[in-house]
Every structure is written in structure tokens, then in C-alpha cells.
$ cat coords_32.pdb   # PDB, C-alpha atoms, pLDDT in the B column
ATOM      1  CA  TYR E   1     -16.799 -13.947  17.424  1.00 75.00           C
ATOM      2  CA  ARG E   2     -13.339 -15.150  16.576  1.00 83.00           C
ATOM      3  CA  LEU E   3      -9.993 -13.623  17.514  1.00 91.00           C
ATOM      4  CA  ASP E   4      -6.405 -14.714  17.093  1.00 85.00           C
ATOM      5  CA  ALA E   5      -5.604 -17.528  19.552  1.00 91.00           C
ATOM      6  CA  ARG E   6      -3.104 -15.264  21.341  1.00 91.00           C
ATOM      7  CA  VAL E   7      -5.740 -12.545  21.780  1.00 92.00           C
ATOM      8  CA  ALA E   8      -8.892 -14.494  22.639  1.00 94.00           C
ATOM      9  CA  PRO E   9      -7.847 -15.373  26.231  1.00 95.00           C
ATOM     10  CA  GLN E  10      -7.112 -11.702  26.956  1.00 96.00           C
ATOM     11  CA  TYR E  11     -10.496 -10.659  25.556  1.00 95.00           C
ATOM     12  CA  ARG E  12     -12.261 -13.318  27.634  1.00 95.00           C
ATOM     13  CA  ALA E  13     -10.469 -12.133  30.787  1.00 97.00           C
ATOM     14  CA  MET E  14     -11.326  -8.501  30.006  1.00 97.00           C
ATOM     15  CA  TYR E  15     -14.935  -9.456  29.298  1.00 96.00           C
ATOM     16  CA  ALA E  16     -15.219 -11.295  32.638  1.00 97.00           C
ATOM     17  CA  ALA E  17     -13.657  -8.408  34.585  1.00 98.00           C
ATOM     18  CA  ALA E  18     -15.984  -5.867  32.985  1.00 96.00           C
ATOM     19  CA  LEU E  19     -19.017  -8.079  33.608  1.00 96.00           C
ATOM     20  CA  LYS E  20     -18.139  -8.277  37.323  1.00 97.00           C
ATOM     21  CA  GLU E  21     -18.491  -4.487  37.383  1.00 96.00           C
ATOM     22  CA  GLY E  22     -21.793  -4.513  35.502  1.00 94.00           C
ATOM     23  CA  ASN E  23     -20.429  -3.790  32.014  1.00 93.00           C
ATOM     24  CA  LYS E  24     -21.148  -6.276  29.232  1.00 92.00           C
ATOM     25  CA  LEU E  25     -18.573  -5.938  26.441  1.00 91.00           C
ATOM     26  CA  THR E  26     -20.823  -7.198  23.656  1.00 84.00           C
ATOM     27  CA  PRO E  27     -18.627  -8.358  20.771  1.00 81.00           C
ATOM     28  CA  PHE E  28     -19.870  -7.338  17.339  1.00 82.00           C
ATOM     29  CA  SER E  29     -17.058  -8.102  14.927  1.00 82.00           C
ATOM     30  CA  GLY E  30     -13.758  -9.873  15.512  1.00 74.00           C
ATOM     31  CA  HIS E  31     -11.820 -11.701  12.827  1.00 75.00           C
ATOM     32  CA  ARG E  32     -13.142 -11.131   9.311  1.00 75.00           C
ATOM     33  CA  ARG E  33     -12.372 -13.171   6.244  1.00 80.00           C
ATOM     34  CA  PHE E  34     -10.726 -11.331   3.363  1.00 82.00           C
ATOM     35  CA  SER E  35     -13.843 -11.896   1.234  1.00 86.00           C
ATOM     36  CA  THR E  36     -16.099 -10.309   3.873  1.00 85.00           C
ATOM     37  CA  GLN E  37     -13.821  -7.283   4.127  1.00 83.00           C
ATOM     38  CA  LYS E  38     -13.794  -6.967   0.332  1.00 90.00           C
ATOM     39  CA  THR E  39     -17.594  -7.033   0.181  1.00 92.00           C
ATOM     40  CA  ASN E  40     -17.943  -4.460   2.989  1.00 89.00           C
ATOM     41  CA  TYR E  41     -15.401  -2.160   1.370  1.00 92.00           C
ATOM     42  CA  GLU E  42     -16.890  -2.391  -2.104  1.00 94.00           C
ATOM     43  CA  ASN E  43     -20.394  -1.789  -0.731  1.00 95.00           C
ATOM     44  CA  LYS E  44     -19.203   1.394   0.980  1.00 94.00           C
ATOM     45  CA  ILE E  45     -17.566   2.622  -2.237  1.00 96.00           C
ATOM     46  CA  ARG E  46     -20.807   1.990  -4.162  1.00 95.00           C
ATOM     47  CA  LEU E  47     -22.782   3.850  -1.489  1.00 96.00           C
ATOM     48  CA  TYR E  48     -20.639   6.954  -1.987  1.00 96.00           C
ATOM     49  CA  GLN E  49     -20.717   6.620  -5.767  1.00 97.00           C
ATOM     50  CA  ASN E  50     -24.523   6.434  -5.603  1.00 97.00           C
ATOM     51  CA  GLN E  51     -24.391   9.714  -3.693  1.00 97.00           C
ATOM     52  CA  GLY E  52     -22.634  11.291  -6.674  1.00 97.00           C
ATOM     53  CA  MET E  53     -18.945  10.887  -5.797  1.00 95.00           C
ATOM     54  CA  SER E  54     -16.409   9.874  -8.396  1.00 97.00           C
ATOM     55  CA  TYR E  55     -14.870   6.425  -7.947  1.00 96.00           C
ATOM     56  CA  ALA E  56     -11.583   7.946  -6.740  1.00 95.00           C
ATOM     57  CA  ASP E  57     -13.335  10.162  -4.184  1.00 95.00           C
ATOM     58  CA  ALA E  58     -15.557   7.277  -3.072  1.00 95.00           C
ATOM     59  CA  VAL E  59     -12.496   5.081  -2.466  1.00 94.00           C
ATOM     60  CA  LEU E  60     -10.895   7.760  -0.297  1.00 91.00           C
ATOM     61  CA  LYS E  61     -14.099   8.383   1.647  1.00 91.00           C
ATOM     62  CA  ALA E  62     -14.747   4.659   2.158  1.00 92.00           C
ATOM     63  CA  ALA E  63     -11.273   4.184   3.631  1.00 86.00           C
ATOM     64  CA  GLU E  64     -12.165   6.615   6.431  1.00 84.00           C
ATOM     65  CA  SER E  65     -14.459   3.987   7.906  1.00 83.00           C
ATOM     66  CA  ILE E  66     -13.692   0.648   6.245  1.00 85.00           C
ATOM     67  CA  MET E  67     -10.203  -0.536   5.432  1.00 84.00           C
ATOM     68  CA  PRO E  68      -9.513  -2.187   2.084  1.00 85.00           C
ATOM     69  CA  PRO E  69      -9.327  -5.994   2.215  1.00 84.00           C
ATOM     70  CA  GLY E  70      -5.986  -7.130   3.551  1.00 81.00           C
ATOM     71  CA  CYS E  71      -5.473  -3.821   5.375  1.00 74.00           C
ATOM     72  CA  SER E  72      -8.073  -4.285   8.093  1.00 77.00           C
ATOM     73  CA  GLU E  73      -7.017  -5.203  11.601  1.00 81.00           C
ATOM     74  CA  HIS E  74     -10.056  -7.472  11.578  1.00 78.00           C
ATOM     75  CA  ASN E  75      -8.335  -9.614   8.935  1.00 79.00           C
ATOM     76  CA  THR E  76      -5.539 -10.272  11.452  1.00 85.00           C
ATOM     77  CA  GLY E  77      -7.796 -11.336  14.317  1.00 86.00           C
ATOM     78  CA  LEU E  78      -6.264  -8.648  16.543  1.00 91.00           C
ATOM     79  CA  ALA E  79      -9.273  -6.314  16.719  1.00 92.00           C
ATOM     80  CA  MET E  80     -12.737  -6.509  18.212  1.00 93.00           C
ATOM     81  CA  ASP E  81     -15.634  -4.163  17.654  1.00 90.00           C
ATOM     82  CA  ILE E  82     -17.604  -3.885  20.898  1.00 91.00           C
ATOM     83  CA  VAL E  83     -21.116  -2.452  21.027  1.00 85.00           C
ATOM     84  CA  SER E  84     -23.723  -1.304  23.493  1.00 77.00           C
ATOM     85  CA  ILE E  85     -27.331  -2.181  22.886  1.00 71.00           C
ATOM     86  CA  ASP E  86     -28.760   0.737  24.856  1.00 70.00           C
ATOM     87  CA  VAL E  87     -26.888   3.865  23.708  1.00 70.00           C
ATOM     88  CA  GLY E  88     -24.217   5.085  21.317  1.00 84.00           C
ATOM     89  CA  PHE E  89     -21.101   3.235  22.421  1.00 87.00           C
ATOM     90  CA  GLN E  90     -19.062   6.332  23.286  1.00 91.00           C
ATOM     91  CA  TYR E  91     -21.751   7.247  25.864  1.00 92.00           C
ATOM     92  CA  SER E  92     -21.904   3.815  27.477  1.00 91.00           C
ATOM     93  CA  GLY E  93     -20.550   2.521  30.739  1.00 92.00           C
ATOM     94  CA  GLU E  94     -18.760  -0.144  28.717  1.00 94.00           C
ATOM     95  CA  TYR E  95     -16.811   2.498  26.819  1.00 95.00           C
ATOM     96  CA  ARG E  96     -15.852   4.261  30.038  1.00 96.00           C
ATOM     97  CA  TRP E  97     -14.783   0.937  31.531  1.00 97.00           C
ATOM     98  CA  LEU E  98     -12.653   0.156  28.486  1.00 97.00           C
ATOM     99  CA  GLN E  99     -11.051   3.607  28.577  1.00 97.00           C
ATOM    100  CA  GLU E 100      -9.967   2.916  32.152  1.00 98.00           C
ATOM    101  CA  ASN E 101      -9.122  -0.802  31.985  1.00 98.00           C
ATOM    102  CA  ALA E 102      -8.548  -2.140  28.456  1.00 98.00           C
ATOM    103  CA  ALA E 103      -4.791  -1.533  28.543  1.00 98.00           C
ATOM    104  CA  ASP E 104      -4.518  -3.931  31.494  1.00 98.00           C
ATOM    105  CA  TYR E 105      -5.600  -6.658  29.069  1.00 98.00           C
ATOM    106  CA  GLY E 106      -3.493  -5.441  26.120  1.00 98.00           C
ATOM    107  CA  PHE E 107      -6.151  -3.494  24.195  1.00 97.00           C
ATOM    108  CA  ILE E 108      -6.146   0.088  22.934  1.00 98.00           C
ATOM    109  CA  LEU E 109      -8.796   2.300  21.404  1.00 97.00           C
ATOM    110  CA  ARG E 110      -7.508   2.166  17.863  1.00 96.00           C
ATOM    111  CA  TYR E 111      -9.110   5.258  16.333  1.00 94.00           C
ATOM    112  CA  PRO E 112      -9.468   7.991  18.994  1.00 96.00           C
ATOM    113  CA  ALA E 113     -11.498  11.134  18.285  1.00 96.00           C
ATOM    114  CA  ASP E 114      -8.532  13.447  18.810  1.00 97.00           C
ATOM    115  CA  LYS E 115      -6.220  11.494  16.476  1.00 96.00           C
ATOM    116  CA  THR E 116      -8.217  11.328  13.234  1.00 94.00           C
ATOM    117  CA  HIS E 117      -5.747  13.701  11.586  1.00 94.00           C
ATOM    118  CA  ILE E 118      -3.070  11.063  12.229  1.00 94.00           C
ATOM    119  CA  THR E 119      -4.951   7.781  11.756  1.00 91.00           C
ATOM    120  CA  LYS E 120      -6.936   9.107   8.763  1.00 89.00           C
ATOM    121  CA  VAL E 121      -9.867   7.076  10.122  1.00 89.00           C
ATOM    122  CA  LYS E 122     -12.969   8.529  11.752  1.00 89.00           C
ATOM    123  CA  PHE E 123     -13.489   8.111  15.487  1.00 94.00           C
ATOM    124  CA  GLU E 124     -14.523   4.531  16.198  1.00 92.00           C
ATOM    125  CA  PRO E 125     -15.228   4.158  19.920  1.00 95.00           C
ATOM    126  CA  TRP E 126     -16.155   0.507  19.359  1.00 92.00           C
ATOM    127  CA  HIS E 127     -12.883  -0.601  17.679  1.00 93.00           C
ATOM    128  CA  TRP E 128     -10.344  -2.041  20.150  1.00 96.00           C
ATOM    129  CA  ARG E 129      -7.018  -3.463  19.003  1.00 96.00           C
ATOM    130  CA  TYR E 130      -4.818  -5.893  20.861  1.00 97.00           C
ATOM    131  CA  VAL E 131      -1.179  -4.761  21.046  1.00 97.00           C
ATOM    132  CA  GLY E 132      -0.050  -6.612  24.182  1.00 97.00           C
ATOM    133  CA  ILE E 133      -0.231  -5.470  27.779  1.00 97.00           C
ATOM    134  CA  GLU E 134       3.113  -3.683  27.933  1.00 97.00           C
ATOM    135  CA  ALA E 135       2.553  -1.733  24.714  1.00 97.00           C
ATOM    136  CA  ALA E 136      -1.085  -0.947  25.583  1.00 98.00           C
ATOM    137  CA  LYS E 137      -0.089   0.513  28.931  1.00 98.00           C
ATOM    138  CA  ALA E 138       2.703   2.562  27.327  1.00 98.00           C
ATOM    139  CA  ILE E 139       0.370   3.867  24.616  1.00 98.00           C
ATOM    140  CA  LYS E 140      -2.296   4.768  27.174  1.00 97.00           C
ATOM    141  CA  GLU E 141       0.233   6.513  29.415  1.00 97.00           C
ATOM    142  CA  SER E 142       1.688   8.486  26.492  1.00 97.00           C
ATOM    143  CA  GLY E 143      -1.676   9.633  25.139  1.00 96.00           C
ATOM    144  CA  GLN E 144      -0.520   8.575  21.688  1.00 96.00           C
ATOM    145  CA  CYS E 145      -2.308   6.594  19.011  1.00 97.00           C
ATOM    146  CA  LEU E 146      -0.659   3.510  17.506  1.00 96.00           C
ATOM    147  CA  GLU E 147       0.853   5.406  14.565  1.00 95.00           C
ATOM    148  CA  GLU E 148       2.532   7.885  16.925  1.00 96.00           C
ATOM    149  CA  TYR E 149       3.762   5.143  19.225  1.00 96.00           C
ATOM    150  CA  LEU E 150       5.299   3.247  16.304  1.00 94.00           C
ATOM    151  CA  GLY E 151       6.774   6.420  14.760  1.00 92.00           C
ATOM    152  CA  MET E 152       4.699   6.067  11.604  1.00 85.00           C
ATOM    153  CA  LEU E 153       3.959   9.746  11.082  1.00 79.00           C
ATOM    154  CA  ASP E 154       4.055  11.355   7.655  1.00 65.00           C
TER     155      ASP E 154
END
$ encode --input "coords_32.pdb" --output "C-alpha cells"
Amino acid sequence: YRLDARVAPQYRAMYAAALKEGNKLTPFSGHRRFSTQKTNYENKIRLYQNQGMSYADAVLKAAESIMPPGCSEHNTGLAMDIVSIDVGFQYSGEYRWLQENAADYGFILRYPADKTHITKVKFEPWHWRYVGIEAAKAIKESGQCLEEYLGMLD
């Protein structure tokens, strides 16, 4: 899976460190083309419309789990979705390892469970965003999500 050239070496180093401790950070989705994001987003909207939602409501609901094309961190190459084959990711050793160590490699959990009211995106334990080591450590230490850290609150 592809990442921005500035991010890929940090992901590889994080992957190797986790593997040494018995945790395989299986990449699922890194960089996405605009067209792929558009297809994913439109499919999610149609899913909700087929469940009886209006188009406007379906768009809002879809954006809770899939960003519109051009708005996704995957389009930038700065985010990686990481999965576990055995269990739900939030219950995996890999997730626990990332919670403890990802900031040392510049990654943050982008959509934490306790920040959905701020991010407006559902909890995604698999979605890790590169922000740089210094910023990641500061964000982790503060207990903030990216929007709070950047002062982007409503």
C-alpha cells in the first residue's frame, strides 16, 4: 500500500518495531486515488438511500464514515488503515501497541471514540494519520484529537 514518500519510511520503521514485539501492523488502505474515494463515497450514499434516507440525509450519514473525494486523508497519502485478521481491531494487540507507540513514529489515532462529537466521524480504531513525531507526541500527551490540537473547533 502506498503512502507519501515522507511518511512511508516512518510507517516501515513502525511496522518493523511492532513486528519485533509480535504485532503485525497489516496495512489495508493507504493512499487512495480521487476516483476511488469518489466511488466509495457515492456507494455509501446509495446504500443509505436504499435504506430509505433522503439524498441529503444519506450524504450526511455517509460522511460519518467516508470522506467526500478530495477531503479524505487517504487522498493525501498521510493516512493508513491498519487491520487485524483475528479480531476487531480495537481489541487487538496491534491496536494496543499503536496506542502506546505510534506517536514515536509520527502517527496518531485520527478518529478516537471519545472525540466523535468533535471530529464528526465515527470511531475508527484502524485509521492512523501521520502528523510528524513532534506533533504526534504533543497530541498524545494532551489527550486531544487533531481538530483540538489545531484549534479547529466550532
$ residues_near_point --input "coords_32.pdb" --point "(-4.6, -5.7, 20.3)" --cutoff "8 Å" --atoms "only C-alpha atoms" --output "ChimeraX atom specification"
/E:7,78-79,106-108,128-132,136
$ closest_residue --input "coords_32.pdb" --among "E:Phe89, E:Tyr48, E:Phe123, E:Trp97" --to "Glu21 of chain E" --atoms "only C-alpha atoms"
E:Trp97
$ atom_distance --input "coords_32.pdb" --atom1 "atom CA of Ala5 of chain E" --atom2 "atom CA of Thr76 of chain E"
10.9 Å
$ residues_around --input "coords_32.pdb" --residues "Tyr41 of chain E" --least-positions-apart "5" --cutoff "10 Å" --atoms "only C-alpha atoms" --output "PyMOL selection string"
chain E and resi 35-36+46-47+59+62-63+65-69
$ atom_distance --input "coords_32.pdb" --atom1 "atom CA of Gly151 of chain E" --atom2 "atom CA of Tyr111 of chain E"
16.0 Å
$ axis_aligned_box --input "coords_32.pdb" --around "segment 25-39 of chain E" --padding-each-side "5 Å" --output "lines of an AutoDock Vina configuration file"
center_x = -15.8
center_y = -9.6
center_z = 13.3
size_x = 20.1
size_y = 17.2
size_z = 36.3
$ resolve_selection --input "coords_32.pdb" --expression "the PyMOL selection byres ((chain E and resi 22-33) around 12)" --output "number ranges by chain"
E: 1-5, 7-8, 11-21, 34-40, 67, 69-86, 89, 92-98, 101-102, 126-130
$ atom_distance --input "coords_32.pdb" --atom1 "atom CA of Lys115 of chain E" --atom2 "atom CA of Ala56 of chain E"
24.1 Å
$ residues_around --input "coords_32.pdb" --residues "Gln144 of chain E" --least-positions-apart "4" --cutoff "12 Å" --atoms "all atoms listed in the file" --output "PyMOL selection string"
chain E and resi 108-116+118-119+135-140+148-153
$ closest_residue --input "coords_32.pdb" --among "E:Gly143, E:Asp104, E:Ile133, E:Leu60" --to "Lys120 of chain E" --atoms "all atoms listed in the file"
E:Leu60
$ closest_residue --input "coords_32.pdb" --among "E:Gln10, E:Gln99, E:Asn43, E:Gln90" --to "Glu141 of chain E" --atoms "all atoms listed in the file"
E:Gln99
$ build_atoms --input "coords_32.pdb" --residues "segment 132-151 of chain E" --atoms "N, CA, C and O atoms" --output "PDB file, keeping the file's coordinate frame"
ATOM      1  N   GLY E 132      -0.823  -6.065  23.069  1.00 97.00           N
ATOM      2  CA  GLY E 132      -0.050  -6.612  24.182  1.00 97.00           C
ATOM      3  C   GLY E 132      -0.141  -5.682  25.380  1.00 97.00           C
ATOM      4  O   GLY E 132      -0.316  -4.463  25.229  1.00 97.00           O
ATOM      5  N   ILE E 133      -0.026  -6.247  26.552  1.00 97.00           N
ATOM      6  CA  ILE E 133      -0.231  -5.470  27.779  1.00 97.00           C
ATOM      7  C   ILE E 133       0.805  -4.362  27.939  1.00 97.00           C
ATOM      8  O   ILE E 133       0.457  -3.216  28.208  1.00 97.00           O
ATOM      9  N   GLU E 134       2.054  -4.683  27.755  1.00 97.00           N
ATOM     10  CA  GLU E 134       3.113  -3.683  27.933  1.00 97.00           C
ATOM     11  C   GLU E 134       2.943  -2.504  26.978  1.00 97.00           C
ATOM     12  O   GLU E 134       2.991  -1.336  27.385  1.00 97.00           O
ATOM     13  N   ALA E 135       2.727  -2.795  25.712  1.00 97.00           N
ATOM     14  CA  ALA E 135       2.553  -1.733  24.714  1.00 97.00           C
ATOM     15  C   ALA E 135       1.272  -0.947  24.977  1.00 97.00           C
ATOM     16  O   ALA E 135       1.258   0.287  24.867  1.00 97.00           O
ATOM     17  N   ALA E 136       0.188  -1.637  25.325  1.00 98.00           N
ATOM     18  CA  ALA E 136      -1.085  -0.947  25.583  1.00 98.00           C
ATOM     19  C   ALA E 136      -0.949   0.036  26.736  1.00 98.00           C
ATOM     20  O   ALA E 136      -1.443   1.165  26.668  1.00 98.00           O
ATOM     21  N   LYS E 137      -0.281  -0.389  27.783  1.00 98.00           N
ATOM     22  CA  LYS E 137      -0.089   0.513  28.931  1.00 98.00           C
ATOM     23  C   LYS E 137       0.788   1.702  28.550  1.00 98.00           C
ATOM     24  O   LYS E 137       0.521   2.829  28.956  1.00 98.00           O
ATOM     25  N   ALA E 138       1.825   1.468  27.767  1.00 98.00           N
ATOM     26  CA  ALA E 138       2.703   2.562  27.327  1.00 98.00           C
ATOM     27  C   ALA E 138       1.951   3.537  26.423  1.00 98.00           C
ATOM     28  O   ALA E 138       2.101   4.759  26.542  1.00 98.00           O
ATOM     29  N   ILE E 139       1.149   3.009  25.515  1.00 98.00           N
ATOM     30  CA  ILE E 139       0.370   3.867  24.616  1.00 98.00           C
ATOM     31  C   ILE E 139      -0.636   4.686  25.404  1.00 98.00           C
ATOM     32  O   ILE E 139      -0.775   5.896  25.186  1.00 98.00           O
ATOM     33  N   LYS E 140      -1.320   4.057  26.333  1.00 97.00           N
ATOM     34  CA  LYS E 140      -2.296   4.768  27.174  1.00 97.00           C
ATOM     35  C   LYS E 140      -1.609   5.870  27.972  1.00 97.00           C
ATOM     36  O   LYS E 140      -2.073   7.009  28.009  1.00 97.00           O
ATOM     37  N   GLU E 141      -0.509   5.541  28.598  1.00 97.00           N
ATOM     38  CA  GLU E 141       0.233   6.513  29.415  1.00 97.00           C
ATOM     39  C   GLU E 141       0.723   7.694  28.589  1.00 97.00           C
ATOM     40  O   GLU E 141       0.707   8.840  29.034  1.00 97.00           O
ATOM     41  N   SER E 142       1.130   7.437  27.349  1.00 97.00           N
ATOM     42  CA  SER E 142       1.688   8.486  26.492  1.00 97.00           C
ATOM     43  C   SER E 142       0.624   9.382  25.872  1.00 97.00           C
ATOM     44  O   SER E 142       0.928  10.476  25.414  1.00 97.00           O
ATOM     45  N   GLY E 143      -0.615   8.879  25.805  1.00 96.00           N
ATOM     46  CA  GLY E 143      -1.676   9.633  25.139  1.00 96.00           C
ATOM     47  C   GLY E 143      -1.570   9.578  23.623  1.00 96.00           C
ATOM     48  O   GLY E 143      -2.243  10.322  22.918  1.00 96.00           O
ATOM     49  N   GLN E 144      -0.730   8.687  23.124  1.00 96.00           N
ATOM     50  CA  GLN E 144      -0.520   8.575  21.688  1.00 96.00           C
ATOM     51  C   GLN E 144      -1.485   7.566  21.068  1.00 96.00           C
ATOM     52  O   GLN E 144      -2.043   6.716  21.759  1.00 96.00           O
ATOM     53  N   CYS E 145      -1.625   7.651  19.751  1.00 97.00           N
ATOM     54  CA  CYS E 145      -2.308   6.594  19.011  1.00 97.00           C
ATOM     55  C   CYS E 145      -1.222   5.637  18.516  1.00 97.00           C
ATOM     56  O   CYS E 145      -0.019   5.901  18.666  1.00 97.00           O
ATOM     57  N   LEU E 146      -1.624   4.527  17.918  1.00 96.00           N
ATOM     58  CA  LEU E 146      -0.659   3.510  17.506  1.00 96.00           C
ATOM     59  C   LEU E 146       0.367   4.045  16.507  1.00 96.00           C
ATOM     60  O   LEU E 146       1.559   3.754  16.614  1.00 96.00           O
ATOM     61  N   GLU E 147      -0.086   4.852  15.550  1.00 95.00           N
ATOM     62  CA  GLU E 147       0.853   5.406  14.565  1.00 95.00           C
ATOM     63  C   GLU E 147       1.936   6.245  15.236  1.00 95.00           C
ATOM     64  O   GLU E 147       3.112   6.155  14.865  1.00 95.00           O
ATOM     65  N   GLU E 148       1.550   7.066  16.208  1.00 96.00           N
ATOM     66  CA  GLU E 148       2.532   7.885  16.925  1.00 96.00           C
ATOM     67  C   GLU E 148       3.491   7.005  17.704  1.00 96.00           C
ATOM     68  O   GLU E 148       4.705   7.206  17.683  1.00 96.00           O
ATOM     69  N   TYR E 149       2.955   6.036  18.401  1.00 96.00           N
ATOM     70  CA  TYR E 149       3.762   5.143  19.225  1.00 96.00           C
ATOM     71  C   TYR E 149       4.795   4.392  18.386  1.00 96.00           C
ATOM     72  O   TYR E 149       5.933   4.204  18.813  1.00 96.00           O
ATOM     73  N   LEU E 150       4.389   3.996  17.188  1.00 94.00           N
ATOM     74  CA  LEU E 150       5.299   3.247  16.304  1.00 94.00           C
ATOM     75  C   LEU E 150       6.176   4.156  15.446  1.00 94.00           C
ATOM     76  O   LEU E 150       6.991   3.669  14.670  1.00 94.00           O
ATOM     77  N   GLY E 151       5.985   5.473  15.550  1.00 92.00           N
ATOM     78  CA  GLY E 151       6.774   6.420  14.760  1.00 92.00           C
ATOM     79  C   GLY E 151       6.422   6.410  13.293  1.00 92.00           C
ATOM     80  O   GLY E 151       7.275   6.624  12.440  1.00 92.00           O
TER      81      GLY E 151
END
